[in-house]
Number of protein chains: 2
Amino acid sequence: MNTGFALKGNICYAPEAGRLVVRENACVVCEDGVCRGVFDELPGAFSGLEVIDCGDRLILPGLVDLHTHAPQYPYRGTGMDCELMQWLDRYAFPEEARYADAAYAERAYRIFADTLMRSATARAVVFGTIHTASTLILTDCMEQSGLVSYVGKVNMDRNAPPELTEQSAERSAADTRRFIEACAERGYRRTRPILTPRFAPSCTNALMALLGSIRGEYGLPVQSHLSENPGEIELVGRLCPWAAFYGDVYDRFGLFGGEGNAVMAHCVYSTPEEVERIRKNGVWVAHCPASNMNIASGIAPVRRYLQAGLRVGLGTDMAGGQSSSMFRAVTDAIQVSKLYWRYLDQTAKPLTFPEGFYLATKGGGAFFGKAGSFEAGYAFDAVVLDDSVMPCPRRLPVGDRLERAFYLELDRTGITMKFIAGRRIL
Amino acid sequence: MNTGFALKGNICYAPEAGRLVVRENACVVCEDGVCRGVFDELPGAFSGLEVIDCGDRLILPGLVDLHTHAPQYPYRGTGMDCELMQWLDRYAFPEEARYADAAYAERAYRIFADTLMRSATARAVVFGTIHTASTLILTDCMEQSGLVSYVGKVNMDRNAPPELTEQSAERSAADTRRFIEACAERGYRRTRPILTPRFAPSCTNALMALLGSIRGEYGLPVQSHLSENPGEIELVGRLCPWAAFYGDVYDRFGLFGGEGNAVMAHCVYSTPEEVERIRKNGVWVAHCPASNMNIASGIAPVRRYLQAGLRVGLGTDMAGGQSSSMFRAVTDAIQVSKLYWRYLDQTAKPLTFPEGFYLATKGGGAFFGKAGSFEAGYAFDAVVLDDSVMPCPRRLPVGDRLERAFYLELDRTGITMKFIAGRRIL
């Protein structure tokens, strides 16, 4: 049991978009897995707590990856010379078909979960494959990793290769129930199922309707893809001519926020109507800048989404994105926002580092409730970074050191401790 | 003395843009610092040579960084929330002013050179500062690093803060001669001076004319910046109304290729006339994609430049670019070319991985003569990579492993050997 402790060092967090708080040589307090706040001197109420002195190191909230595909991890960083639909056919689908083999899933998911465990990511929303048995291996691996996660068995009953097409909408729904119930039976403490229609092109109306019922029954959140690529959007228009816009497909079946959490990856080409529905329904946008570059989708207008009051977080989207690093996702998001400003809309100010940091912590963390900040009452997710591995001829301000740690992906080599909901993972 | 040896393993190189040669379990031979070719079985003529067995590792040519700023290394990855001219005033110039202090230069340049030594970069074209003494510390450090490099003392006699403005064109030229002669006296084997007018806005006509004379006298190459940012280009138009276009400023003073090598960083906004002059004069374009994102310059139309027959290589442009990794420069170049295709010109096909690999090896290597390939007669620059540190549940083809190594920046942690002109560095 956690009786409580404090971490002492250079504490950095973003309580709102664009406001980075840096408290040098301060303490952040954890009791029962929950943050009690940041203090220059430990108040009397906490005077009995163990203080873990992190010296001059940086202490930040654990990061939140709102969108990633566990089964695609093995081929990340390969096959980058094609666009979305071609990339699915040549790389994503053949790899995912391998997960019919539980032994392969076991090998692959252990590597995936181990990578996330060693990363700065504390919480993640994860796609599996259509295979129930393999996706339960994934949930086991994620539970063991110590991360808090939502994991989805994927639904696909059309427009996929035969070995990845579920036999019927009913069979897909029955397997989904089996997955949800198996998760409950296993008594996970940190791992929860999430409904995962892959995307509109791969789910029939019948399947969508069944998933809508399951959602009502179990009260589960939903993850899917939305308005990622012009070719995909055109396909959705042909498949679902009755929908007002792409996102309306999900909404018609009760899979687009409203009563429960939903996260939609990408939203590169959302129309004003779609943006308004996203806002109204409280859907989270998972912005995945690396993936959007790699498969040549484009740049999501994140500044516009923030101005419109949408809920936005960041995702690595492995293996559309090549990297599991959320530090990289932050700097990628900033970089592409500058190109968006330069070429597409000079009234859409580029994202700043404090804004990118917010999106990757509290912004996406809100999908999990109170997570991604060191404000009192938030889950105590923390990462301690040693940046002394990056030699410098002079002393930099702590804020600059934090920015540099992100731009140079210090999460690859510089993590010295990691806590999730108060539990030490590294 | 090098008597010769062979490296055995998975040999990868690009003899032309877009053609990646992968020779599994083959030998690449070095004699007297020069590559003698790649062979499946060692020919009789080389039968006495030592064979260094690299097992299943990847063996590739050392990479070539055509543009970087040594003095900016300390603040890389910080100060990223501004545009070029503001970034120069707030970050670049204050840092460069510190190099009036030789002790600071000594500390900083040792770190810079050590970073390059440990990287996959074999050759580099490097900016120093206006300070002759400090830039000679840099040349010493670069010589000790084992890399082959061109290093420039920067010239600036206007439009810089007082502490970075040379007192007169004559004084700047005299210091440049002093720098060139000191390099000759030190008898470097790998380090050569290069003329380095910072960019047109910071050099008077009088200074440019003097540099043109020095060039004629010593036969030196030139490095500078060109058409990076709209604000900068407008400034050049105001300062040099007599020039037909930005690059014409350099050309009027004999500093734009023609008789000798010249490399111009960026070329994001080169006009058709400028592109034609670049081609005619045989000027190298150093494409620096990370920098062009970070300081919101834009995306250079590299596909167009390749189609026009320009000489193109890649640069990290630290600290406009945050990273010293040429692997990262390759994947950044590919990523931004996809956004260029998507948003600016759908007839400009995105760069492929084999093209990016070529640019970072033989493309930029040509600035140094025969470098950046394993064809016979090329300088023997080689990097051996161990990618077993990236676990995978199945065996990937060697070509995919190479692509993955670049996308995941394996140059940070996976280099097991490095040779430059036949000399072992790591």
# chains A, B, ... in the order shown; residues from 1 in each chain; ligands from 1
$ residues_around --residues "segment 393-396 of chain B" --least-positions-apart "2" --cutoff "9 Å" --atoms "only C-alpha atoms" --output "ChimeraX atom specification"
/A:74-75,104-105,107-109,111 /B:391,398-401
$ select_by_dssp --residues "segment 205-280 of chain A" --states "strand (DSSP E or B)" --output "PyMOL selection string"
chain A and resi 222-226+262-266
$ calpha_fit_and_write --fixed "chain B" --moving "chain A" --output "compact mmCIF listing (two decimals) with C-alpha atoms, in the first residue's frame"
# COMPACT_ATOMS: atom_id res chain seq x y z
CA MET A 1 49.51 3.30 -41.84
CA ASN A 2 46.50 1.53 -43.33
CA THR A 3 47.57 -1.65 -44.99
CA GLY A 4 43.97 -2.53 -45.75
CA PHE A 5 41.11 -4.56 -44.36
CA ALA A 6 37.59 -5.65 -45.21
CA LEU A 7 34.33 -5.30 -43.29
CA LYS A 8 31.94 -8.22 -43.65
CA GLY A 9 28.21 -7.83 -43.01
CA ASN A 10 25.07 -6.36 -44.55
CA ILE A 11 26.36 -3.61 -46.79
CA CYS A 12 24.02 -0.78 -47.80
CA TYR A 13 24.76 2.18 -50.05
CA ALA A 14 23.12 4.33 -52.70
CA PRO A 15 25.18 4.79 -55.87
CA GLU A 16 22.47 7.07 -57.30
CA ALA A 17 19.39 8.90 -56.05
CA GLY A 18 16.64 6.38 -55.39
CA ARG A 19 18.75 3.26 -55.87
CA LEU A 20 19.63 1.54 -52.63
CA VAL A 21 22.04 -1.38 -52.96
CA VAL A 22 21.82 -3.99 -50.19
CA ARG A 23 24.44 -6.74 -50.23
CA GLU A 24 23.87 -9.25 -47.47
CA ASN A 25 26.82 -11.00 -45.90
CA ALA A 26 29.23 -9.31 -48.27
CA CYS A 27 32.63 -7.64 -47.90
CA VAL A 28 33.59 -4.03 -48.46
CA VAL A 29 37.31 -3.53 -48.95
CA CYS A 30 39.49 -0.64 -47.78
CA GLU A 31 43.06 -0.02 -48.89
CA ASP A 32 45.00 3.14 -48.06
CA GLY A 33 41.82 4.85 -46.89
CA VAL A 34 40.04 4.20 -50.18
CA CYS A 35 37.17 1.81 -50.92
CA ARG A 36 38.02 -0.94 -53.41
CA GLY A 37 34.43 -2.11 -53.84
CA VAL A 38 31.91 -4.60 -52.46
CA PHE A 39 32.29 -8.33 -53.04
CA ASP A 40 30.27 -11.42 -52.17
CA GLU A 41 33.54 -13.32 -51.88
CA LEU A 42 36.88 -11.57 -51.38
CA PRO A 43 38.80 -11.67 -54.71
CA GLY A 44 42.26 -13.19 -54.75
CA ALA A 45 43.94 -9.78 -54.93
CA PHE A 46 42.60 -9.04 -51.44
CA SER A 47 43.00 -12.51 -49.97
CA GLY A 48 45.66 -11.42 -47.49
CA LEU A 49 43.54 -8.68 -45.92
CA GLU A 50 42.21 -8.81 -42.40
CA VAL A 51 38.43 -9.41 -42.49
CA ILE A 52 36.49 -7.77 -39.66
CA ASP A 53 33.34 -9.87 -39.30
CA CYS A 54 30.40 -7.66 -38.36
CA GLY A 55 27.98 -10.59 -38.36
CA ASP A 56 24.40 -9.57 -39.06
CA ARG A 57 25.07 -5.87 -38.57
CA LEU A 58 24.39 -3.08 -41.05
CA ILE A 59 27.36 -1.38 -42.73
CA LEU A 60 26.75 1.96 -44.45
CA PRO A 61 28.80 4.88 -45.71
CA GLY A 62 29.51 7.59 -43.16
CA LEU A 63 27.03 10.44 -43.49
CA VAL A 64 27.73 13.99 -44.62
CA ASP A 65 26.33 17.01 -42.80
CA LEU A 66 26.48 19.90 -45.27
CA HIS A 67 25.44 22.62 -42.82
CA THR A 68 25.76 23.09 -39.08
CA HIS A 69 26.70 25.82 -36.58
CA ALA A 70 29.15 24.60 -33.94
CA PRO A 71 28.67 27.55 -31.53
CA GLN A 72 24.90 27.07 -31.40
CA TYR A 73 25.19 23.52 -30.08
CA PRO A 74 24.80 24.49 -26.38
CA TYR A 75 21.26 25.80 -26.77
CA ARG A 76 19.97 23.30 -29.32
CA GLY A 77 16.39 22.24 -28.62
CA THR A 78 15.56 25.46 -26.76
CA GLY A 79 14.02 28.76 -27.87
CA MET A 80 11.97 27.10 -30.55
CA ASP A 81 8.94 29.35 -30.27
CA CYS A 82 10.11 32.08 -32.69
CA GLU A 83 10.90 32.87 -36.33
CA LEU A 84 14.32 33.34 -37.99
CA MET A 85 15.14 37.02 -37.43
CA GLN A 86 13.78 37.02 -33.86
CA TRP A 87 15.51 33.74 -33.15
CA LEU A 88 18.86 35.18 -34.31
CA ASP A 89 18.46 38.18 -31.98
CA ARG A 90 17.26 36.24 -28.95
CA TYR A 91 19.23 33.01 -29.14
CA ALA A 92 21.86 32.70 -31.86
CA PHE A 93 23.62 36.06 -31.46
CA PRO A 94 23.78 36.12 -27.62
CA GLU A 95 25.20 32.58 -27.65
CA GLU A 96 27.73 33.36 -30.37
CA ALA A 97 28.88 36.44 -28.44
CA ARG A 98 30.09 34.11 -25.67
CA TYR A 99 32.81 32.81 -28.01
CA ALA A 100 34.80 36.01 -27.47
CA ASP A 101 35.88 33.98 -24.43
CA ALA A 102 38.32 31.28 -25.54
CA ALA A 103 37.75 29.28 -22.35
CA TYR A 104 34.05 29.04 -23.15
CA ALA A 105 34.86 28.08 -26.74
CA GLU A 106 37.20 25.36 -25.52
CA ARG A 107 34.51 23.83 -23.27
CA ALA A 108 31.73 24.14 -25.82
CA TYR A 109 33.62 22.99 -28.92
CA ARG A 110 34.98 19.91 -27.18
CA ILE A 111 31.40 18.84 -26.50
CA PHE A 112 30.36 19.63 -30.06
CA ALA A 113 33.25 17.72 -31.64
CA ASP A 114 32.79 14.78 -29.29
CA THR A 115 29.11 14.58 -30.28
CA LEU A 116 29.99 14.51 -33.97
CA MET A 117 32.70 11.95 -33.37
CA ARG A 118 30.16 9.59 -31.74
CA SER A 119 27.55 10.21 -34.45
CA ALA A 120 27.17 8.58 -37.87
CA THR A 121 28.53 11.74 -39.49
CA ALA A 122 31.90 11.32 -41.22
CA ARG A 123 32.17 14.71 -42.90
CA ALA A 124 30.74 18.11 -42.06
CA VAL A 125 30.69 21.71 -43.22
CA VAL A 126 30.70 23.88 -40.14
CA PHE A 127 30.13 27.50 -39.15
CA GLY A 128 32.18 28.97 -36.29
CA THR A 129 31.77 32.56 -35.08
CA ILE A 130 33.48 35.86 -36.03
CA HIS A 131 36.20 35.11 -33.44
CA THR A 132 39.45 33.92 -34.99
CA ALA A 133 40.96 32.49 -31.81
CA SER A 134 37.83 30.57 -30.90
CA THR A 135 37.33 29.28 -34.41
CA LEU A 136 40.89 27.95 -34.33
CA ILE A 137 39.95 26.09 -31.16
CA LEU A 138 37.08 24.65 -33.18
CA THR A 139 39.39 23.55 -36.00
CA ASP A 140 41.67 21.90 -33.42
CA CYS A 141 38.69 20.07 -31.91
CA MET A 142 37.39 18.98 -35.31
CA GLU A 143 40.84 17.71 -36.34
CA GLN A 144 41.05 15.68 -33.14
CA SER A 145 37.54 14.27 -33.69
CA GLY A 146 38.72 12.36 -36.73
CA LEU A 147 35.99 13.80 -38.96
CA VAL A 148 36.83 15.40 -42.28
CA SER A 149 35.50 18.93 -42.18
CA TYR A 150 35.41 22.40 -43.60
CA VAL A 151 35.25 25.02 -40.85
CA GLY A 152 34.58 28.71 -41.33
CA LYS A 153 35.35 31.82 -39.34
CA VAL A 154 32.17 33.84 -39.81
CA ASN A 155 32.17 37.30 -41.42
CA MET A 156 29.66 39.93 -40.25
CA ASP A 157 30.18 43.68 -40.50
CA ARG A 158 26.58 44.91 -40.30
CA ASN A 159 23.11 44.11 -38.94
CA ALA A 160 24.35 42.22 -35.92
CA PRO A 161 24.62 43.27 -32.27
CA PRO A 162 27.74 45.41 -31.58
CA GLU A 163 29.65 42.59 -29.88
CA LEU A 164 29.22 40.46 -33.01
CA THR A 165 29.86 43.16 -35.60
CA GLU A 166 33.39 43.23 -36.97
CA GLN A 167 34.90 46.72 -36.88
CA SER A 168 35.33 47.07 -40.61
CA ALA A 169 35.33 45.09 -43.82
CA GLU A 170 39.14 45.34 -43.86
CA ARG A 171 39.46 44.01 -40.32
CA SER A 172 37.08 41.14 -41.09
CA ALA A 173 39.08 40.25 -44.19
CA ALA A 174 42.40 40.49 -42.32
CA ASP A 175 41.07 38.17 -39.59
CA THR A 176 39.90 35.77 -42.28
CA ARG A 177 43.39 35.66 -43.81
CA ARG A 178 44.85 35.12 -40.36
CA PHE A 179 42.44 32.21 -39.82
CA ILE A 180 43.27 30.64 -43.19
CA GLU A 181 47.00 30.94 -42.61
CA ALA A 182 46.81 29.59 -39.06
CA CYS A 183 44.94 26.54 -40.39
CA ALA A 184 47.73 25.98 -42.91
CA GLU A 185 50.42 26.36 -40.22
CA ARG A 186 48.76 23.84 -37.96
CA GLY A 187 49.16 21.22 -40.67
CA TYR A 188 45.74 19.66 -40.26
CA ARG A 189 45.16 16.42 -42.14
CA ARG A 190 41.36 16.47 -42.13
CA THR A 191 40.30 20.06 -41.45
CA ARG A 192 40.13 22.80 -44.04
CA PRO A 193 39.04 26.45 -43.87
CA ILE A 194 36.01 27.64 -45.81
CA LEU A 195 34.92 31.21 -46.51
CA THR A 196 31.84 32.01 -44.43
CA PRO A 197 29.99 35.26 -45.04
CA ARG A 198 27.13 34.64 -42.60
CA PHE A 199 24.49 35.77 -45.08
CA ALA A 200 23.92 38.77 -47.32
CA PRO A 201 22.21 40.90 -44.64
CA SER A 202 25.26 40.80 -42.38
CA CYS A 203 28.01 41.57 -44.94
CA THR A 204 28.62 44.92 -46.66
CA ASN A 205 29.49 45.05 -50.32
CA ALA A 206 33.02 46.03 -49.33
CA LEU A 207 33.38 42.89 -47.21
CA MET A 208 31.89 40.69 -49.92
CA ALA A 209 34.36 42.12 -52.43
CA LEU A 210 37.30 41.42 -50.10
CA LEU A 211 36.11 37.86 -49.55
CA GLY A 212 35.89 37.44 -53.31
CA SER A 213 39.56 38.44 -53.58
CA ILE A 214 40.59 36.10 -50.80
CA ARG A 215 38.77 33.32 -52.55
CA GLY A 216 40.64 33.93 -55.76
CA GLU A 217 43.92 34.03 -53.89
CA TYR A 218 43.52 30.88 -51.78
CA GLY A 219 41.06 28.87 -53.92
CA LEU A 220 38.76 28.17 -51.02
CA PRO A 221 35.18 26.94 -51.02
CA VAL A 222 32.33 29.08 -49.63
CA GLN A 223 29.39 28.40 -47.32
CA SER A 224 26.47 30.69 -46.60
CA HIS A 225 22.69 30.91 -46.25
CA LEU A 226 20.25 31.52 -49.09
CA SER A 227 16.52 32.24 -49.45
CA GLU A 228 15.59 30.75 -46.10
CA ASN A 229 12.72 32.94 -44.93
CA PRO A 230 10.39 35.54 -46.50
CA GLY A 231 11.40 38.27 -44.03
CA GLU A 232 15.08 37.66 -44.69
CA ILE A 233 14.57 37.72 -48.47
CA GLU A 234 12.71 41.01 -48.22
CA LEU A 235 15.58 42.45 -46.19
CA VAL A 236 18.10 41.36 -48.82
CA GLY A 237 15.95 43.02 -51.47
CA ARG A 238 16.11 46.30 -49.53
CA LEU A 239 19.84 46.03 -48.76
CA CYS A 240 20.92 44.96 -52.24
CA PRO A 241 18.44 46.46 -54.72
CA TRP A 242 21.04 46.05 -57.45
CA ALA A 243 20.92 42.25 -57.23
CA ALA A 244 18.70 40.28 -59.62
CA PHE A 245 17.79 37.88 -56.80
CA TYR A 246 19.21 36.88 -53.40
CA GLY A 247 21.83 34.46 -54.70
CA ASP A 248 22.97 37.02 -57.24
CA VAL A 249 24.45 38.98 -54.29
CA TYR A 250 26.96 36.21 -53.66
CA ASP A 251 27.55 35.62 -57.35
CA ARG A 252 28.44 39.25 -58.06
CA PHE A 253 31.38 38.86 -55.69
CA GLY A 254 32.52 35.48 -56.97
CA LEU A 255 31.19 33.61 -53.95
CA PHE A 256 28.59 31.45 -55.66
CA GLY A 257 30.22 28.37 -57.15
CA GLY A 258 31.49 28.67 -60.64
CA GLU A 259 35.25 28.25 -60.19
CA GLY A 260 35.05 26.51 -56.82
CA ASN A 261 32.75 24.71 -54.45
CA ALA A 262 30.03 26.64 -52.67
CA VAL A 263 27.27 25.35 -50.43
CA MET A 264 24.16 27.36 -49.67
CA ALA A 265 21.94 26.35 -46.79
CA HIS A 266 18.14 26.20 -47.10
CA CYS A 267 16.98 27.53 -50.53
CA VAL A 268 13.37 27.31 -49.35
CA TYR A 269 12.18 30.16 -51.56
CA SER A 270 14.60 30.21 -54.49
CA THR A 271 13.03 31.74 -57.58
CA PRO A 272 13.33 30.03 -60.98
CA GLU A 273 16.15 32.47 -61.88
CA GLU A 274 17.98 31.62 -58.68
CA VAL A 275 17.51 27.87 -59.25
CA GLU A 276 18.93 28.25 -62.75
CA ARG A 277 21.98 30.14 -61.41
CA ILE A 278 22.51 27.51 -58.71
CA ARG A 279 22.46 24.86 -61.42
CA LYS A 280 24.67 26.74 -63.83
CA ASN A 281 27.25 27.54 -61.15
CA GLY A 282 27.20 24.03 -59.65
CA VAL A 283 26.37 25.32 -56.19
CA TRP A 284 25.37 22.71 -53.57
CA VAL A 285 22.04 23.11 -51.81
CA ALA A 286 22.13 22.06 -48.14
CA HIS A 287 18.55 21.10 -47.33
CA CYS A 288 17.90 21.46 -43.59
CA PRO A 289 14.34 20.28 -43.00
CA ALA A 290 14.28 20.37 -39.18
CA SER A 291 15.56 23.91 -39.04
CA ASN A 292 13.08 24.99 -41.69
CA MET A 293 10.26 23.66 -39.52
CA ASN A 294 11.59 24.92 -36.20
CA ILE A 295 12.07 28.50 -37.21
CA ALA A 296 8.94 28.34 -39.34
CA SER A 297 10.72 28.99 -42.63
CA GLY A 298 8.86 26.45 -44.74
CA ILE A 299 9.71 23.44 -46.91
CA ALA A 300 12.39 23.48 -49.61
CA PRO A 301 11.17 21.97 -52.90
CA VAL A 302 13.82 19.28 -53.03
CA ARG A 303 12.02 17.20 -55.65
CA ARG A 304 12.12 20.19 -57.99
CA TYR A 305 15.81 20.70 -57.30
CA LEU A 306 16.58 17.06 -58.06
CA GLN A 307 14.55 17.29 -61.26
CA ALA A 308 16.41 20.46 -62.23
CA GLY A 309 19.71 18.61 -61.77
CA LEU A 310 20.95 20.59 -58.77
CA ARG A 311 23.54 19.22 -56.38
CA VAL A 312 21.69 18.57 -53.12
CA GLY A 313 22.76 17.27 -49.72
CA LEU A 314 21.32 17.45 -46.22
CA GLY A 315 22.27 19.48 -43.17
CA THR A 316 21.31 19.31 -39.51
CA ASP A 317 21.70 23.10 -39.14
CA MET A 318 22.11 22.96 -35.41
CA ALA A 319 20.67 24.79 -33.59
CA GLY A 320 17.94 25.80 -36.03
CA GLY A 321 17.67 22.05 -36.25
CA GLN A 322 17.65 20.56 -32.78
CA SER A 323 19.50 17.37 -33.49
CA SER A 324 23.00 16.41 -34.61
CA SER A 325 21.61 13.22 -36.13
CA MET A 326 21.89 12.87 -39.89
CA PHE A 327 19.55 9.87 -39.62
CA ARG A 328 16.96 12.30 -38.34
CA ALA A 329 17.77 14.73 -41.18
CA VAL A 330 16.97 11.97 -43.69
CA THR A 331 13.58 11.12 -42.23
CA ASP A 332 12.73 14.78 -41.65
CA ALA A 333 13.47 15.45 -45.32
CA ILE A 334 11.14 12.63 -46.34
CA GLN A 335 8.38 13.73 -43.96
CA VAL A 336 8.33 17.37 -45.04
CA SER A 337 8.46 16.35 -48.71
CA LYS A 338 5.15 14.56 -48.12
CA LEU A 339 3.59 17.72 -46.72
CA TYR A 340 5.00 19.66 -49.67
CA TRP A 341 3.36 17.18 -52.03
CA ARG A 342 0.09 17.22 -50.13
CA TYR A 343 -0.31 20.96 -49.78
CA LEU A 344 1.93 22.79 -52.21
CA ASP A 345 2.44 20.74 -55.36
CA GLN A 346 0.90 17.36 -56.06
CA THR A 347 3.22 16.92 -59.04
CA ALA A 348 6.27 16.97 -56.72
CA LYS A 349 6.45 13.32 -55.62
CA PRO A 350 7.53 12.83 -51.98
CA LEU A 351 11.13 11.76 -51.41
CA THR A 352 11.56 8.05 -50.85
CA PHE A 353 13.83 6.52 -48.25
CA PRO A 354 16.45 5.49 -50.86
CA GLU A 355 16.47 9.09 -52.10
CA GLY A 356 16.85 10.53 -48.60
CA PHE A 357 19.64 8.05 -47.89
CA TYR A 358 21.41 9.10 -51.08
CA LEU A 359 21.20 12.80 -50.26
CA ALA A 360 22.78 12.23 -46.83
CA THR A 361 25.61 10.10 -48.21
CA LYS A 362 26.75 10.44 -51.81
CA GLY A 363 24.62 13.54 -52.51
CA GLY A 364 26.32 15.72 -49.90
CA GLY A 365 29.51 13.65 -50.04
CA ALA A 366 30.25 14.99 -53.51
CA PHE A 367 31.11 18.33 -51.88
CA PHE A 368 34.19 16.51 -50.54
CA GLY A 369 34.99 14.75 -53.81
CA LYS A 370 34.47 10.99 -53.88
CA ALA A 371 32.75 10.36 -50.55
CA GLY A 372 29.53 8.82 -49.30
CA SER A 373 29.46 5.60 -51.30
CA PHE A 374 31.05 2.15 -51.34
CA GLU A 375 31.87 2.32 -55.03
CA ALA A 376 35.52 1.64 -55.85
CA GLY A 377 37.64 4.77 -55.57
CA TYR A 378 35.53 6.45 -52.89
CA ALA A 379 36.97 7.51 -49.53
CA PHE A 380 36.41 4.67 -47.08
CA ASP A 381 33.96 6.22 -44.61
CA ALA A 382 31.88 3.53 -42.91
CA VAL A 383 29.51 3.13 -39.99
CA VAL A 384 28.60 -0.25 -38.49
CA LEU A 385 25.19 -0.43 -36.80
CA ASP A 386 23.90 -3.01 -34.36
CA ASP A 387 20.12 -2.99 -34.63
CA SER A 388 19.63 -5.97 -32.34
CA VAL A 389 19.00 -3.36 -29.62
CA MET A 390 15.60 -2.87 -31.28
CA PRO A 391 13.80 -6.11 -30.46
CA CYS A 392 11.38 -7.48 -33.05
CA PRO A 393 9.18 -10.59 -32.93
CA ARG A 394 10.15 -11.58 -36.47
CA ARG A 395 13.05 -11.22 -38.85
CA LEU A 396 12.82 -8.14 -41.06
CA PRO A 397 14.44 -7.81 -44.51
CA VAL A 398 17.74 -5.91 -44.39
CA GLY A 399 16.32 -3.00 -46.40
CA ASP A 400 13.51 -2.60 -43.85
CA ARG A 401 16.01 -2.81 -41.00
CA LEU A 402 18.00 0.03 -42.55
CA GLU A 403 14.89 2.20 -42.98
CA ARG A 404 13.85 1.45 -39.39
CA ALA A 405 17.33 2.31 -38.10
CA PHE A 406 16.97 5.74 -39.69
CA TYR A 407 13.39 6.40 -38.55
CA LEU A 408 14.25 5.33 -34.99
CA GLU A 409 17.60 7.19 -34.99
CA LEU A 410 19.72 4.20 -34.20
CA ASP A 411 22.74 6.45 -34.68
CA ARG A 412 22.12 7.56 -31.09
CA THR A 413 22.73 4.19 -29.52
CA GLY A 414 23.58 1.59 -32.14
CA ILE A 415 26.94 2.55 -33.68
CA THR A 416 29.54 -0.11 -32.98
CA MET A 417 32.32 0.99 -35.35
CA LYS A 418 33.11 4.04 -37.42
CA PHE A 419 35.81 4.60 -40.01
CA ILE A 420 36.73 7.80 -41.80
CA ALA A 421 39.02 7.64 -44.84
CA GLY A 422 40.00 4.19 -43.62
CA ARG A 423 40.91 5.28 -40.08
CA ARG A 424 38.97 3.75 -37.22
CA ILE A 425 37.31 6.44 -35.08
CA LEU A 426 34.99 4.30 -32.95
$ select_by_dssp --residues "segment 155-307 of chain B" --states "alpha helix (DSSP H)" --output "count of residues only"
70
